[in-house]
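As provided, coords-v7.cif (mmCIF, N, CA and C atoms) reads as follows.
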data_input
loop_
_atom_site.label_atom_id
_atom_site.label_comp_id
_atom_site.auth_asym_id
_atom_site.auth_seq_id
_atom_site.Cartn_x
_atom_site.Cartn_y
_atom_site.Cartn_z
N MET I 1 0.85 -1.17 0.00
CA MET I 1 0.00 0.00 0.00
C MET I 1 0.89 1.24 0.00
N THR I 2 0.50 2.23 -0.81
CA THR I 2 1.30 3.46 -0.87
C THR I 2 0.77 4.46 0.13
N THR I 3 1.66 5.28 0.59
CA THR I 3 1.26 6.32 1.53
C THR I 3 0.77 7.54 0.76
N ALA I 4 0.14 8.45 1.48
CA ALA I 4 -0.36 9.67 0.85
C ALA I 4 0.79 10.51 0.30
N THR I 5 1.93 10.49 0.98
CA THR I 5 3.08 11.25 0.52
C THR I 5 3.61 10.70 -0.81
N GLU I 6 3.67 9.37 -0.94
CA GLU I 6 4.14 8.77 -2.19
C GLU I 6 3.17 9.07 -3.33
N GLU I 7 1.89 9.03 -3.06
CA GLU I 7 0.90 9.34 -4.09
C GLU I 7 1.02 10.80 -4.50
N HIS I 8 1.28 11.69 -3.54
CA HIS I 8 1.42 13.11 -3.84
C HIS I 8 2.64 13.35 -4.72
N ARG I 9 3.73 12.65 -4.43
CA ARG I 9 4.95 12.79 -5.24
C ARG I 9 4.73 12.28 -6.65
N ASN I 10 3.90 11.28 -6.82
CA ASN I 10 3.66 10.71 -8.14
C ASN I 10 2.53 11.41 -8.88
N ALA I 11 1.96 12.46 -8.30
CA ALA I 11 0.87 13.19 -8.96
C ALA I 11 1.43 13.92 -10.19
N ARG I 12 0.96 13.51 -11.34
CA ARG I 12 1.40 14.13 -12.59
C ARG I 12 0.18 14.34 -13.47
N ILE I 13 0.20 15.42 -14.18
CA ILE I 13 -0.87 15.70 -15.13
C ILE I 13 -0.41 15.20 -16.50
N PRO I 14 -1.15 14.29 -17.11
CA PRO I 14 -0.79 13.86 -18.47
C PRO I 14 -1.08 14.99 -19.46
N LEU I 15 -0.06 15.42 -20.19
CA LEU I 15 -0.19 16.59 -21.07
C LEU I 15 -1.19 16.37 -22.19
N GLN I 16 -1.25 15.17 -22.74
CA GLN I 16 -2.18 14.93 -23.84
C GLN I 16 -3.63 15.07 -23.37
N ALA I 17 -3.94 14.50 -22.22
CA ALA I 17 -5.30 14.62 -21.68
C ALA I 17 -5.63 16.07 -21.34
N LEU I 18 -4.67 16.78 -20.76
CA LEU I 18 -4.90 18.19 -20.41
C LEU I 18 -5.08 19.03 -21.66
N GLY I 19 -4.26 18.80 -22.68
CA GLY I 19 -4.36 19.57 -23.92
C GLY I 19 -5.71 19.40 -24.61
N TRP I 20 -6.14 18.15 -24.75
CA TRP I 20 -7.43 17.91 -25.39
C TRP I 20 -8.59 18.43 -24.54
N SER I 21 -8.49 18.25 -23.22
CA SER I 21 -9.56 18.73 -22.33
C SER I 21 -9.72 20.23 -22.42
N LEU I 22 -8.62 20.95 -22.33
CA LEU I 22 -8.70 22.41 -22.40
C LEU I 22 -9.12 22.88 -23.79
N GLY I 23 -8.56 22.28 -24.83
CA GLY I 23 -8.91 22.68 -26.19
C GLY I 23 -10.39 22.49 -26.47
N ILE I 24 -10.91 21.34 -26.10
CA ILE I 24 -12.34 21.07 -26.34
C ILE I 24 -13.21 21.95 -25.45
N PHE I 25 -12.78 22.19 -24.21
CA PHE I 25 -13.52 23.09 -23.33
C PHE I 25 -13.61 24.49 -23.96
N PHE I 26 -12.48 25.02 -24.46
CA PHE I 26 -12.49 26.35 -25.09
C PHE I 26 -13.34 26.35 -26.35
N ALA I 27 -13.31 25.26 -27.13
CA ALA I 27 -14.11 25.18 -28.35
C ALA I 27 -15.60 25.15 -28.03
N ILE I 28 -15.98 24.42 -26.99
CA ILE I 28 -17.39 24.39 -26.57
C ILE I 28 -17.82 25.76 -26.08
N THR I 29 -16.96 26.42 -25.32
CA THR I 29 -17.28 27.76 -24.84
C THR I 29 -17.45 28.73 -26.00
N PHE I 30 -16.58 28.65 -26.99
CA PHE I 30 -16.69 29.49 -28.18
C PHE I 30 -18.00 29.21 -28.91
N THR I 31 -18.38 27.94 -29.03
CA THR I 31 -19.63 27.57 -29.70
C THR I 31 -20.83 28.15 -28.95
N ILE I 32 -20.80 28.09 -27.64
CA ILE I 32 -21.89 28.67 -26.84
C ILE I 32 -21.97 30.17 -27.08
N CYS I 33 -20.82 30.84 -27.17
CA CYS I 33 -20.82 32.28 -27.45
C CYS I 33 -21.40 32.59 -28.83
N VAL I 34 -21.07 31.78 -29.83
CA VAL I 34 -21.62 31.98 -31.17
C VAL I 34 -23.13 31.79 -31.15
N LEU I 35 -23.60 30.75 -30.48
CA LEU I 35 -25.04 30.52 -30.38
C LEU I 35 -25.73 31.65 -29.64
N PHE I 36 -25.08 32.18 -28.61
CA PHE I 36 -25.62 33.33 -27.88
C PHE I 36 -25.75 34.53 -28.81
N ASP I 37 -24.72 34.77 -29.62
CA ASP I 37 -24.77 35.89 -30.57
C ASP I 37 -25.88 35.72 -31.59
N LEU I 38 -26.10 34.48 -32.04
CA LEU I 38 -27.17 34.24 -33.00
C LEU I 38 -28.55 34.42 -32.36
N ALA I 39 -28.68 34.04 -31.10
CA ALA I 39 -29.97 34.15 -30.41
C ALA I 39 -30.25 35.58 -29.96
N PHE I 40 -29.21 36.31 -29.57
CA PHE I 40 -29.37 37.67 -29.06
C PHE I 40 -28.42 38.62 -29.79
N PRO I 41 -28.75 39.00 -31.01
CA PRO I 41 -27.82 39.82 -31.81
C PRO I 41 -27.51 41.18 -31.18
N SER I 42 -28.42 41.72 -30.39
CA SER I 42 -28.17 43.04 -29.78
C SER I 42 -27.13 42.96 -28.66
N GLN I 43 -26.85 41.76 -28.18
CA GLN I 43 -25.87 41.57 -27.10
C GLN I 43 -24.60 40.90 -27.63
N GLU I 44 -24.23 41.18 -28.86
CA GLU I 44 -23.16 40.44 -29.52
C GLU I 44 -21.83 40.49 -28.75
N MET I 45 -21.10 39.39 -28.87
CA MET I 45 -19.81 39.26 -28.21
C MET I 45 -18.66 39.25 -29.21
N SER I 46 -18.95 39.51 -30.48
CA SER I 46 -17.92 39.39 -31.52
C SER I 46 -16.79 40.38 -31.34
N ARG I 47 -17.03 41.50 -30.69
CA ARG I 47 -15.93 42.45 -30.43
C ARG I 47 -14.85 41.81 -29.56
N LEU I 48 -15.28 41.00 -28.62
CA LEU I 48 -14.34 40.28 -27.77
C LEU I 48 -13.57 39.25 -28.59
N TRP I 49 -14.24 38.56 -29.49
CA TRP I 49 -13.56 37.57 -30.33
C TRP I 49 -12.46 38.22 -31.15
N MET I 50 -12.75 39.42 -31.68
CA MET I 50 -11.76 40.09 -32.52
C MET I 50 -10.47 40.35 -31.77
N GLN I 51 -10.56 40.56 -30.48
CA GLN I 51 -9.38 40.81 -29.67
C GLN I 51 -8.66 39.52 -29.29
N LEU I 52 -9.40 38.45 -29.03
CA LEU I 52 -8.81 37.21 -28.55
C LEU I 52 -8.47 36.22 -29.64
N LEU I 53 -9.21 36.23 -30.73
CA LEU I 53 -9.03 35.25 -31.80
C LEU I 53 -8.69 35.97 -33.10
N PRO I 54 -7.41 36.00 -33.47
CA PRO I 54 -7.03 36.68 -34.72
C PRO I 54 -7.75 36.07 -35.92
N TRP I 55 -8.13 36.91 -36.84
CA TRP I 55 -8.78 36.56 -38.10
C TRP I 55 -10.24 36.13 -37.95
N VAL I 56 -10.78 36.08 -36.73
CA VAL I 56 -12.20 35.82 -36.55
C VAL I 56 -12.87 37.19 -36.45
N ASP I 57 -13.68 37.52 -37.47
CA ASP I 57 -14.22 38.88 -37.50
C ASP I 57 -15.74 38.96 -37.55
N ARG I 58 -16.41 37.89 -37.88
CA ARG I 58 -17.87 37.93 -37.93
C ARG I 58 -18.40 36.51 -37.80
N ILE I 59 -19.72 36.38 -37.76
CA ILE I 59 -20.32 35.06 -37.65
C ILE I 59 -20.54 34.52 -39.06
N SER I 60 -19.75 33.53 -39.42
CA SER I 60 -19.88 32.81 -40.68
C SER I 60 -19.30 31.42 -40.47
N ILE I 61 -19.54 30.54 -41.40
CA ILE I 61 -19.03 29.18 -41.27
C ILE I 61 -17.50 29.17 -41.22
N GLY I 62 -16.88 29.89 -42.14
CA GLY I 62 -15.43 29.94 -42.17
C GLY I 62 -14.83 30.54 -40.91
N SER I 63 -15.44 31.61 -40.45
CA SER I 63 -14.96 32.27 -39.24
C SER I 63 -15.17 31.38 -38.01
N TYR I 64 -16.29 30.66 -37.99
CA TYR I 64 -16.56 29.74 -36.89
C TYR I 64 -15.52 28.62 -36.85
N LEU I 65 -15.25 28.02 -38.01
CA LEU I 65 -14.26 26.93 -38.06
C LEU I 65 -12.87 27.41 -37.68
N LEU I 66 -12.52 28.63 -38.11
CA LEU I 66 -11.25 29.21 -37.72
C LEU I 66 -11.22 29.45 -36.21
N GLY I 67 -12.33 29.92 -35.64
CA GLY I 67 -12.41 30.12 -34.19
C GLY I 67 -12.26 28.81 -33.43
N ILE I 68 -12.85 27.75 -33.93
CA ILE I 68 -12.70 26.43 -33.29
C ILE I 68 -11.24 26.00 -33.32
N ALA I 69 -10.59 26.16 -34.47
CA ALA I 69 -9.17 25.78 -34.58
C ALA I 69 -8.31 26.60 -33.62
N GLU I 70 -8.58 27.90 -33.55
CA GLU I 70 -7.79 28.76 -32.67
C GLU I 70 -8.01 28.42 -31.20
N THR I 71 -9.25 28.12 -30.82
CA THR I 71 -9.49 27.79 -29.41
C THR I 71 -8.85 26.46 -29.04
N LEU I 72 -8.84 25.50 -29.97
CA LEU I 72 -8.13 24.25 -29.71
C LEU I 72 -6.63 24.51 -29.50
N LEU I 73 -6.07 25.37 -30.34
CA LEU I 73 -4.65 25.72 -30.19
C LEU I 73 -4.38 26.44 -28.87
N TYR I 74 -5.27 27.34 -28.48
CA TYR I 74 -5.11 28.01 -27.18
C TYR I 74 -5.13 27.00 -26.03
N GLY I 75 -6.01 26.02 -26.12
CA GLY I 75 -6.07 24.98 -25.09
C GLY I 75 -4.76 24.22 -24.99
N TRP I 76 -4.19 23.85 -26.13
CA TRP I 76 -2.91 23.14 -26.14
C TRP I 76 -1.79 24.05 -25.65
N PHE I 77 -1.85 25.32 -25.99
CA PHE I 77 -0.84 26.27 -25.51
C PHE I 77 -0.84 26.33 -23.99
N VAL I 78 -2.02 26.45 -23.39
CA VAL I 78 -2.12 26.49 -21.93
C VAL I 78 -1.63 25.17 -21.33
N ALA I 79 -2.01 24.06 -21.93
CA ALA I 79 -1.60 22.75 -21.41
C ALA I 79 -0.09 22.57 -21.46
N LEU I 80 0.53 23.02 -22.55
CA LEU I 80 1.98 22.84 -22.69
C LEU I 80 2.78 23.75 -21.76
N ILE I 81 2.16 24.81 -21.28
CA ILE I 81 2.82 25.67 -20.29
C ILE I 81 2.48 25.20 -18.88
N PHE I 82 1.20 25.02 -18.59
CA PHE I 82 0.75 24.70 -17.24
C PHE I 82 1.14 23.29 -16.81
N GLY I 83 0.97 22.31 -17.69
CA GLY I 83 1.22 20.91 -17.34
C GLY I 83 2.63 20.67 -16.83
N PRO I 84 3.66 21.04 -17.59
CA PRO I 84 5.02 20.83 -17.08
C PRO I 84 5.31 21.62 -15.80
N LEU I 85 4.76 22.84 -15.70
CA LEU I 85 4.96 23.60 -14.46
C LEU I 85 4.35 22.89 -13.26
N PHE I 86 3.12 22.40 -13.43
CA PHE I 86 2.47 21.67 -12.35
C PHE I 86 3.27 20.42 -11.99
N ASN I 87 3.67 19.66 -12.99
CA ASN I 87 4.42 18.43 -12.73
C ASN I 87 5.75 18.73 -12.04
N PHE I 88 6.41 19.80 -12.44
CA PHE I 88 7.68 20.18 -11.83
C PHE I 88 7.48 20.51 -10.35
N PHE I 89 6.50 21.35 -10.04
CA PHE I 89 6.29 21.75 -8.65
C PHE I 89 5.67 20.64 -7.81
N ALA I 90 4.88 19.77 -8.42
CA ALA I 90 4.32 18.63 -7.69
C ALA I 90 5.43 17.69 -7.26
N GLU I 91 6.43 17.48 -8.08
CA GLU I 91 7.55 16.61 -7.72
C GLU I 91 8.41 17.23 -6.63
N ARG I 92 8.50 18.55 -6.62
CA ARG I 92 9.37 19.23 -5.66
C ARG I 92 8.74 19.38 -4.27
N SER I 93 7.42 19.37 -4.22
CA SER I 93 6.77 19.62 -2.92
C SER I 93 6.63 18.35 -2.10
#
Would you kindly transcribe this structure into structure tokens?
Amino acid sequence: MTTATEEHRNARIPLQALGWSLGIFFAITFTICVLFDLAFPSQEMSRLWMQLLPWVDRISIGSYLLGIAETLLYGWFVALIFGPLFNFFAERS
């Protein structure tokens, strides 16, 4: 039987699972925002997209697919920075 300390030392975040989880989470969030904009055009959020997602400028199929690709990449970017940092500090503590 392992002790709590040994389990804590072995706590590691698998980067592939973290990357896909974050990327898909961001893509789902982006999709919800697009649906919100379509349902409530007077409360549009596209100005925020223009700042966060380069080349996404309006609601269209091409812009939506580009937004999905960019949010997936953002998720992987966060995972590739956060995952190793977490694993490094988890091993040290």
Give the alpha helix (DSSP H) residues of chain I, as assigned by DSSP on the backbone, as a count of residues only. 70
From atom CA of I:Trp76 to atom CA of I:Ala39 the spacing works out at 29.5 Å
If you measure from atom CA of I:Arg58 to atom N of I:Leu73, what distance in Å do you get, rounded to one decimal?
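It comes out at 18.8 Å.
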_Residues returned when the PyMOL selection byres (((chain I and resi 48-55 and name CA) around 10) and name CA) runs on this file, as a PyMOL selection string_ = chain I and resi 30+33-34+44-47+56-58+63+66-71+74
With only N, CA and C atoms as the counted atoms, please give the residues lying no more than 6.5 Å from I:Ala79, apart from itself and same-chain residues fewer than 6 positions off, as a list in words. Leu15, Leu18 and Gly19 of chain I
To box stretch 49-54 of chain I, take all atoms listed in the file, fit an axis-aligned box, add 5 Å on each side, and give centre and edge lengths in Å to one decimal, as lines of an AutoDock Vina configuration file.
center_x = -10.6
center_y = 38.0
center_z = -32.2
size_x = 17.2
size_y = 15.6
size_z = 17.4
- Query: What does the distance from atom C of I:Asn87 to atom CA of I:Gly23 come to in Å, to one decimal?
  - Reply: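 If I compute the distance from atom C of I:Asn87 to atom CA of I:Gly23, I get 20.8 Å.
Distances here use only C-alpha atoms; by that measure, the residue among I:Trp20, I:Phe86, I:Tyr64, I:Phe77 closest to I:Leu35 is I:Tyr64.
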